[in-house]
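Below: the structure, in structure tokens.
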Amino acid sequence: AMTEGAKYLDVLVLDGVAVVSIKREPVNSMNLGVWEALLDNLIKMERNRTVKAIVYRSGLKRDVFTAGNDIKELYAPFTSKERNKKFWLAQTTFLARLYKTPLVTIAEIRGACPAGGCILAMCCDHRIAADIKSTKIGLNEVALGIMPPLYWCKVMSKLVGHGRAEAYLKNAIMLDRKHALAVGLFDKLVPLEDLSAVTFALASSLIKLPTTARAITKSVMRKSLADAWEGYGEEEAAITWAELTKPSTIRALKRVLSRLSNNKGKSRSPRSKL
């Protein structure tokens with residue numbers, strides 16, 4: 001069954017590599033439909049014997065990977081406890097499964113990659129980024145008056161080390177491309193015009209390794225965290241709803257929403273959502 005969000009993904013499978021373009025104009029705000037489509041697609045790609053790797057990229061006109069979670073999914077007056085639970089379960093299930101998938105996964109990043117985009121990228125095996133000024137990455141939820149989700153913090157910590165992760169998280173740091181490369185958030189910076197070709201070539205070379213040995217090694221490194229994360233979905237949804245319904249959170253997100261609506265129509269790089 002096609003999920004409502006299937007329209008947000010363009011999928012092209014070529015020589016064992018599935019190129020998944022996320023396309024929800026204008027900035028790939030990740031709503032329930034986007035997360036459901038990503039989960040649905042991952043399950044399909046894992047079942048497809050011919051697919052050995054997935055590349056996630058932006059299909060947007062502008063240089064934005066994704067602006068992160070859609071604020072309308074987080075602003076309590078615009079949603080409900082039931083929808084919020086569906087939203088967190090779809091998101092958490094996808095991310096935990098992406099983190100441990102036996103497939104090779106690469107994030108191809110051009111432009112801003114905050115929050116929800118950052119965690120998607122960190123769950124991949126590799127991150128290749130465009131060497132352009134707008135390329136930035138980080139979990140900057142604190143700037144919006146909310147806490148980054150627990151396992152998002154854990155994944156960042158595993159990738160860059162506890163001390164660095166803590167400083168970035170507490171201070172809502174968006175790292176510029178050079179800094180991100182230096183600490184291992186990016187594996188490689190490449191000229192924008194070469195980005196897709198370099199990413200595809202990396203995917204093609206990695207799938208030449210013996211599949212089973214690589215997949216088992218990935219599982220050894222990632223499965224325990226991924227399983228705990230997926231198992232935490234229900235509890236996380238409840239904890240998050242309690243946070244999102246606090247008057248202070250509603251006030252903070254209302255300010256973000258009004259800032260976003262004031263910026264509509266102005267050409268500037270988007271502020272992160274979550």
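Just so we're on the same page: first chain in the structure tokens is A, next is B, and so on; residues restart at 1 for each chain, and ligands are numbered from 1 in the order they show up.
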Please provide as an mmCIF file with C-alpha atoms, in the first residue's frame all residues within 10 Å of A:Pro114, with the sequence filter that same-chain residues fewer than 5 positions apart are discarded (counting only C-alpha atoms).
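Here's the written file out-v7.cif:
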```
data_model
loop_
_atom_site.group_PDB
_atom_site.id
_atom_site.type_symbol
_atom_site.label_atom_id
_atom_site.label_comp_id
_atom_site.auth_asym_id
_atom_site.auth_seq_id
_atom_site.Cartn_x
_atom_site.Cartn_y
_atom_site.Cartn_z
ATOM 1 C CA VAL A 64 18.748 22.176 1.742
ATOM 2 C CA PHE A 65 19.071 18.525 2.790
ATOM 3 C CA THR A 66 16.064 18.831 5.084
ATOM 4 C CA ALA A 67 15.084 21.530 7.563
ATOM 5 C CA GLY A 68 14.156 18.817 10.095
ATOM 6 C CA ASN A 69 10.846 18.018 11.724
ATOM 7 C CA ILE A 119 19.973 12.412 12.778
ATOM 8 C CA LEU A 120 19.027 10.779 9.472
ATOM 9 C CA ALA A 121 22.539 11.527 8.182
ATOM 10 C CA THR A 135 26.302 23.289 4.158
ATOM 11 C CA LYS A 136 25.940 23.025 7.946
ATOM 12 C CA ILE A 137 24.967 20.197 10.283
ATOM 13 C CA GLY A 138 23.917 19.790 13.924
ATOM 14 C CA LEU A 139 21.214 18.982 16.463
ATOM 15 C CA ASN A 140 20.085 22.498 17.368
ATOM 16 C CA GLU A 141 16.813 21.754 19.179
ATOM 17 C CA ALA A 172 22.528 24.133 19.800
ATOM 18 C CA ILE A 173 25.633 24.269 17.592
ATOM 19 C CA MET A 174 25.304 24.049 13.830
ATOM 20 C CA LEU A 175 28.756 23.050 12.601
ATOM 21 C CA PRO A 270 15.807 28.196 6.410
ATOM 22 C CA ARG A 271 15.952 28.129 10.172
ATOM 23 C CA SER A 272 15.923 24.635 11.504
ATOM 24 C CA LYS A 273 12.816 23.001 12.804
ATOM 25 C CA LEU A 274 13.740 19.966 14.900
#
```
Which residues are near A:Leu74? Cut-off 9 Å, only C-alpha atoms, ignore same chain within fewer than 5 positions. Put them as a PyMOL selection string. chain A and resi 69+79+84+241+244+250+253+274
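Around A:Ser58, within 8 Å and counting only C-alpha atoms, the residues found are Ser21, Ile22, Lys23, Asn28, Val64, Phe65, Thr66, Glu108, Ile109 and Arg110 of chain A, once anything fewer than 5 positions away on its own chain is removed.
Take the candidates A:Lys170, A:Arg62, A:Glu73, A:Phe94 and check each one against A:Ala37 using only C-alpha atoms; the shortest distance goes to A:Phe94.
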If we count only C-alpha atoms and set the cut-off at 9 Å, which residues sit around A:Thr105, ignoring sequence neighbours fewer than 3 positions away in its own chain? Please answer as an mmCIF file with all heavy atoms, in the first residue's frame.
```
data_model
loop_
_atom_site.group_PDB
_atom_site.id
_atom_site.type_symbol
_atom_site.label_atom_id
_atom_site.label_comp_id
_atom_site.auth_asym_id
_atom_site.auth_seq_id
_atom_site.Cartn_x
_atom_site.Cartn_y
_atom_site.Cartn_z
ATOM 1 N N LYS A 52 21.598 -3.176 -2.714
ATOM 2 C CA LYS A 52 22.677 -3.390 -1.737
ATOM 3 C C LYS A 52 23.018 -2.109 -0.956
ATOM 4 O O LYS A 52 23.684 -2.174 0.064
ATOM 5 C CB LYS A 52 23.954 -3.858 -2.449
ATOM 6 C CG LYS A 52 23.778 -5.064 -3.356
ATOM 7 C CD LYS A 52 23.745 -6.358 -2.579
ATOM 8 C CE LYS A 52 23.716 -7.573 -3.483
ATOM 9 N NZ LYS A 52 22.544 -8.433 -3.213
ATOM 10 N N ALA A 53 22.592 -0.971 -1.488
ATOM 11 C CA ALA A 53 22.933 0.311 -0.855
ATOM 12 C C ALA A 53 21.814 1.326 -1.076
ATOM 13 O O ALA A 53 21.062 1.229 -2.049
ATOM 14 C CB ALA A 53 24.241 0.860 -1.433
ATOM 15 N N ILE A 54 21.715 2.282 -0.141
ATOM 16 C CA ILE A 54 20.774 3.401 -0.302
ATOM 17 C C ILE A 54 21.552 4.712 -0.150
ATOM 18 O O ILE A 54 22.354 4.858 0.789
ATOM 19 C CB ILE A 54 19.644 3.402 0.761
ATOM 20 C CG1 ILE A 54 18.886 2.071 0.787
ATOM 21 C CG2 ILE A 54 18.662 4.558 0.501
ATOM 22 C CD1 ILE A 54 17.760 2.026 1.821
ATOM 23 N N VAL A 55 21.295 5.623 -1.068
ATOM 24 C CA VAL A 55 21.793 6.995 -0.952
ATOM 25 C C VAL A 55 20.587 7.880 -0.659
ATOM 26 O O VAL A 55 19.584 7.828 -1.374
ATOM 27 C CB VAL A 55 22.476 7.461 -2.259
ATOM 28 C CG1 VAL A 55 22.757 8.970 -2.208
ATOM 29 C CG2 VAL A 55 23.761 6.683 -2.510
ATOM 30 N N TYR A 56 20.658 8.658 0.422
ATOM 31 C CA TYR A 56 19.597 9.631 0.737
ATOM 32 C C TYR A 56 20.076 11.006 0.317
ATOM 33 O O TYR A 56 21.188 11.422 0.662
ATOM 34 C CB TYR A 56 19.288 9.631 2.234
ATOM 35 C CG TYR A 56 18.596 8.373 2.699
ATOM 36 C CD1 TYR A 56 19.319 7.354 3.319
ATOM 37 C CD2 TYR A 56 17.230 8.187 2.501
ATOM 38 C CE1 TYR A 56 18.689 6.181 3.731
ATOM 39 C CE2 TYR A 56 16.590 7.025 2.906
ATOM 40 C CZ TYR A 56 17.324 6.017 3.518
ATOM 41 O OH TYR A 56 16.701 4.860 3.919
ATOM 42 N N LEU A 98 17.189 2.231 10.254
ATOM 43 C CA LEU A 98 18.215 2.763 9.361
ATOM 44 C C LEU A 98 19.595 2.577 9.995
ATOM 45 O O LEU A 98 20.560 2.205 9.316
ATOM 46 C CB LEU A 98 17.958 4.254 9.090
ATOM 47 C CG LEU A 98 19.026 5.001 8.288
ATOM 48 C CD1 LEU A 98 19.170 4.424 6.884
ATOM 49 C CD2 LEU A 98 18.705 6.496 8.222
ATOM 50 N N TYR A 99 19.681 2.825 11.283
ATOM 51 C CA TYR A 99 20.963 2.739 11.991
ATOM 52 C C TYR A 99 21.561 1.332 11.893
ATOM 53 O O TYR A 99 22.774 1.166 11.788
ATOM 54 C CB TYR A 99 20.754 3.143 13.460
ATOM 55 C CG TYR A 99 22.038 3.347 14.235
ATOM 56 C CD1 TYR A 99 22.937 4.350 13.878
ATOM 57 C CD2 TYR A 99 22.347 2.566 15.344
ATOM 58 C CE1 TYR A 99 24.104 4.546 14.591
ATOM 59 C CE2 TYR A 99 23.515 2.760 16.067
ATOM 60 C CZ TYR A 99 24.396 3.758 15.686
ATOM 61 O OH TYR A 99 25.563 3.952 16.398
ATOM 62 N N THR A 101 20.467 -1.185 9.559
ATOM 63 C CA THR A 101 20.178 -1.919 8.331
ATOM 64 C C THR A 101 21.433 -2.598 7.768
ATOM 65 O O THR A 101 22.517 -2.011 7.798
ATOM 66 C CB THR A 101 19.558 -1.006 7.243
ATOM 67 O OG1 THR A 101 19.279 -1.806 6.087
ATOM 68 C CG2 THR A 101 20.467 0.143 6.839
ATOM 69 N N PRO A 102 21.270 -3.820 7.241
ATOM 70 C CA PRO A 102 22.429 -4.479 6.623
ATOM 71 C C PRO A 102 22.883 -3.796 5.323
ATOM 72 O O PRO A 102 23.990 -4.038 4.848
ATOM 73 C CB PRO A 102 21.932 -5.907 6.338
ATOM 74 C CG PRO A 102 20.449 -5.864 6.454
ATOM 75 C CD PRO A 102 20.098 -4.709 7.328
ATOM 76 N N CYS A 123 22.707 8.432 11.139
ATOM 77 C CA CYS A 123 22.355 7.009 11.167
ATOM 78 C C CYS A 123 22.904 6.253 9.954
ATOM 79 O O CYS A 123 22.928 5.031 9.941
ATOM 80 C CB CYS A 123 20.835 6.830 11.235
ATOM 81 S SG CYS A 123 20.151 7.201 12.855
ATOM 82 N N CYS A 124 23.314 6.996 8.927
ATOM 83 C CA CYS A 124 23.897 6.363 7.742
ATOM 84 C C CYS A 124 25.336 5.936 8.033
ATOM 85 O O CYS A 124 25.958 6.380 8.994
ATOM 86 C CB CYS A 124 23.869 7.337 6.567
ATOM 87 S SG CYS A 124 22.209 7.679 5.950
ATOM 88 N N ASP A 125 25.876 5.078 7.167
ATOM 89 C CA ASP A 125 27.265 4.638 7.305
ATOM 90 C C ASP A 125 28.236 5.767 6.974
ATOM 91 O O ASP A 125 29.310 5.871 7.551
ATOM 92 C CB ASP A 125 27.554 3.469 6.355
ATOM 93 C CG ASP A 125 26.740 2.228 6.691
ATOM 94 O OD1 ASP A 125 26.672 1.872 7.877
ATOM 95 O OD2 ASP A 125 26.163 1.630 5.767
ATOM 96 N N HIS A 126 27.864 6.594 5.977
ATOM 97 C CA HIS A 126 28.748 7.662 5.501
ATOM 98 C C HIS A 126 27.955 8.915 5.171
ATOM 99 O O HIS A 126 26.777 8.835 4.834
ATOM 100 C CB HIS A 126 29.508 7.210 4.245
ATOM 101 C CG HIS A 126 30.374 6.020 4.482
ATOM 102 N ND1 HIS A 126 31.603 6.096 5.092
ATOM 103 C CD2 HIS A 126 30.162 4.702 4.219
ATOM 104 C CE1 HIS A 126 32.120 4.881 5.188
ATOM 105 N NE2 HIS A 126 31.262 4.017 4.675
ATOM 106 N N ARG A 127 28.657 10.058 5.278
ATOM 107 C CA ARG A 127 28.058 11.343 4.938
ATOM 108 C C ARG A 127 29.004 12.107 4.018
ATOM 109 O O ARG A 127 30.133 12.413 4.403
ATOM 110 C CB ARG A 127 27.799 12.165 6.228
ATOM 111 C CG ARG A 127 26.645 11.640 7.063
ATOM 112 C CD ARG A 127 26.789 11.943 8.542
ATOM 113 N NE ARG A 127 27.987 11.316 9.101
ATOM 114 C CZ ARG A 127 28.077 10.019 9.399
ATOM 115 N NH1 ARG A 127 27.055 9.209 9.216
ATOM 116 N NH2 ARG A 127 29.208 9.514 9.869
ATOM 117 N N ALA A 203 29.142 4.451 -3.048
ATOM 118 C CA ALA A 203 28.173 3.364 -2.817
ATOM 119 C C ALA A 203 28.536 2.148 -3.668
ATOM 120 O O ALA A 203 28.566 1.012 -3.181
ATOM 121 C CB ALA A 203 26.755 3.838 -3.131
#
```
So that I can check the secondary structure, give me every residue of stretch 38-228 of chain A assigned strand (DSSP E) by backbone DSSP, as a PyMOL selection string. chain A and resi 53-58+104-109+112-114+126-130+136-138+175-176+188-190
Same residues, N, CA and C atoms, saved as a PDB file, in the first residue's frame:
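Once everything was written out, this is part.pdb:
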```
ATOM      1  N   ALA A  53      22.592  -0.971  -1.488  1.00  0.00           N
ATOM      2  CA  ALA A  53      22.933   0.311  -0.855  1.00  0.00           C
ATOM      3  C   ALA A  53      21.814   1.326  -1.076  1.00  0.00           C
ATOM      4  N   ILE A  54      21.715   2.282  -0.141  1.00  0.00           N
ATOM      5  CA  ILE A  54      20.774   3.401  -0.302  1.00  0.00           C
ATOM      6  C   ILE A  54      21.552   4.712  -0.150  1.00  0.00           C
ATOM      7  N   VAL A  55      21.295   5.623  -1.068  1.00  0.00           N
ATOM      8  CA  VAL A  55      21.793   6.995  -0.952  1.00  0.00           C
ATOM      9  C   VAL A  55      20.587   7.880  -0.659  1.00  0.00           C
ATOM     10  N   TYR A  56      20.658   8.658   0.422  1.00  0.00           N
ATOM     11  CA  TYR A  56      19.597   9.631   0.737  1.00  0.00           C
ATOM     12  C   TYR A  56      20.076  11.006   0.317  1.00  0.00           C
ATOM     13  N   ARG A  57      19.229  11.714  -0.435  1.00  0.00           N
ATOM     14  CA  ARG A  57      19.600  13.041  -0.915  1.00  0.00           C
ATOM     15  C   ARG A  57      18.372  13.935  -0.952  1.00  0.00           C
ATOM     16  N   SER A  58      18.604  15.215  -1.172  1.00  0.00           N
ATOM     17  CA  SER A  58      17.500  16.155  -1.301  1.00  0.00           C
ATOM     18  C   SER A  58      17.118  16.291  -2.765  1.00  0.00           C
ATOM     19  N   VAL A 104      24.271  -0.855   2.799  1.00  0.00           N
ATOM     20  CA  VAL A 104      25.188   0.291   2.871  1.00  0.00           C
ATOM     21  C   VAL A 104      24.329   1.545   2.754  1.00  0.00           C
ATOM     22  N   THR A 105      24.547   2.543   3.622  1.00  0.00           N
ATOM     23  CA  THR A 105      23.742   3.769   3.572  1.00  0.00           C
ATOM     24  C   THR A 105      24.645   5.003   3.553  1.00  0.00           C
ATOM     25  N   ILE A 106      24.309   5.930   2.672  1.00  0.00           N
ATOM     26  CA  ILE A 106      25.100   7.155   2.538  1.00  0.00           C
ATOM     27  C   ILE A 106      24.154   8.352   2.459  1.00  0.00           C
ATOM     28  N   ALA A 107      24.469   9.389   3.217  1.00  0.00           N
ATOM     29  CA  ALA A 107      23.722  10.645   3.108  1.00  0.00           C
ATOM     30  C   ALA A 107      24.517  11.581   2.208  1.00  0.00           C
ATOM     31  N   GLU A 108      23.850  12.082   1.173  1.00  0.00           N
ATOM     32  CA  GLU A 108      24.446  13.035   0.234  1.00  0.00           C
ATOM     33  C   GLU A 108      23.872  14.404   0.591  1.00  0.00           C
ATOM     34  N   ILE A 109      24.700  15.259   1.176  1.00  0.00           N
ATOM     35  CA  ILE A 109      24.186  16.480   1.812  1.00  0.00           C
ATOM     36  C   ILE A 109      24.625  17.741   1.078  1.00  0.00           C
ATOM     37  N   ALA A 112      21.782  23.143   4.256  1.00  0.00           N
ATOM     38  CA  ALA A 112      21.488  23.005   5.685  1.00  0.00           C
ATOM     39  C   ALA A 112      21.012  21.591   6.032  1.00  0.00           C
ATOM     40  N   CYS A 113      21.552  21.070   7.139  1.00  0.00           N
ATOM     41  CA  CYS A 113      21.190  19.723   7.584  1.00  0.00           C
ATOM     42  C   CYS A 113      21.019  19.712   9.106  1.00  0.00           C
ATOM     43  N   PRO A 114      20.044  20.486   9.611  1.00  0.00           N
ATOM     44  CA  PRO A 114      19.827  20.522  11.056  1.00  0.00           C
ATOM     45  C   PRO A 114      18.964  19.357  11.536  1.00  0.00           C
ATOM     46  N   HIS A 126      27.864   6.594   5.977  1.00  0.00           N
ATOM     47  CA  HIS A 126      28.748   7.662   5.501  1.00  0.00           C
ATOM     48  C   HIS A 126      27.955   8.915   5.171  1.00  0.00           C
ATOM     49  N   ARG A 127      28.657  10.058   5.278  1.00  0.00           N
ATOM     50  CA  ARG A 127      28.058  11.343   4.938  1.00  0.00           C
ATOM     51  C   ARG A 127      29.004  12.107   4.018  1.00  0.00           C
ATOM     52  N   ILE A 128      28.543  12.357   2.801  1.00  0.00           N
ATOM     53  CA  ILE A 128      29.329  13.103   1.817  1.00  0.00           C
ATOM     54  C   ILE A 128      28.627  14.445   1.621  1.00  0.00           C
ATOM     55  N   ALA A 129      29.364  15.549   1.740  1.00  0.00           N
ATOM     56  CA  ALA A 129      28.720  16.866   1.739  1.00  0.00           C
ATOM     57  C   ALA A 129      29.272  17.786   0.654  1.00  0.00           C
ATOM     58  N   ALA A 130      28.409  18.655   0.176  1.00  0.00           N
ATOM     59  CA  ALA A 130      28.790  19.646  -0.832  1.00  0.00           C
ATOM     60  C   ALA A 130      29.620  20.747  -0.180  1.00  0.00           C
ATOM     61  N   LYS A 136      25.731  23.020   6.491  1.00  0.00           N
ATOM     62  CA  LYS A 136      25.940  23.025   7.946  1.00  0.00           C
ATOM     63  C   LYS A 136      25.186  21.843   8.525  1.00  0.00           C
ATOM     64  N   ILE A 137      25.635  21.352   9.675  1.00  0.00           N
ATOM     65  CA  ILE A 137      24.967  20.197  10.283  1.00  0.00           C
ATOM     66  C   ILE A 137      24.992  20.303  11.807  1.00  0.00           C
ATOM     67  N   GLY A 138      23.933  19.804  12.464  1.00  0.00           N
ATOM     68  CA  GLY A 138      23.917  19.790  13.924  1.00  0.00           C
ATOM     69  C   GLY A 138      22.530  19.489  14.465  1.00  0.00           C
ATOM     70  N   LEU A 175      27.355  23.033  13.013  1.00  0.00           N
ATOM     71  CA  LEU A 175      28.756  23.050  12.601  1.00  0.00           C
ATOM     72  C   LEU A 175      28.877  23.411  11.124  1.00  0.00           C
ATOM     73  N   ASP A 176      29.824  24.297  10.806  1.00  0.00           N
ATOM     74  CA  ASP A 176      30.059  24.572   9.392  1.00  0.00           C
ATOM     75  C   ASP A 176      30.762  23.363   8.774  1.00  0.00           C
ATOM     76  N   LYS A 188      33.592  13.426   3.843  1.00  0.00           N
ATOM     77  CA  LYS A 188      34.239  14.019   2.673  1.00  0.00           C
ATOM     78  C   LYS A 188      33.467  15.252   2.239  1.00  0.00           C
ATOM     79  N   LEU A 189      34.199  16.283   1.817  1.00  0.00           N
ATOM     80  CA  LEU A 189      33.597  17.465   1.190  1.00  0.00           C
ATOM     81  C   LEU A 189      33.959  17.436  -0.283  1.00  0.00           C
ATOM     82  N   VAL A 190      32.972  17.610  -1.151  1.00  0.00           N
ATOM     83  CA  VAL A 190      33.248  17.591  -2.587  1.00  0.00           C
ATOM     84  C   VAL A 190      32.555  18.767  -3.274  1.00  0.00           C
TER      85      VAL A 190
END
```
A:Glu230 environment, 10 Å, only C-alpha atoms, sequence neighbours closer than 4 positions dropped, as a PyMOL selection string: chain A and resi 89+91-97+151+225-226+234+236
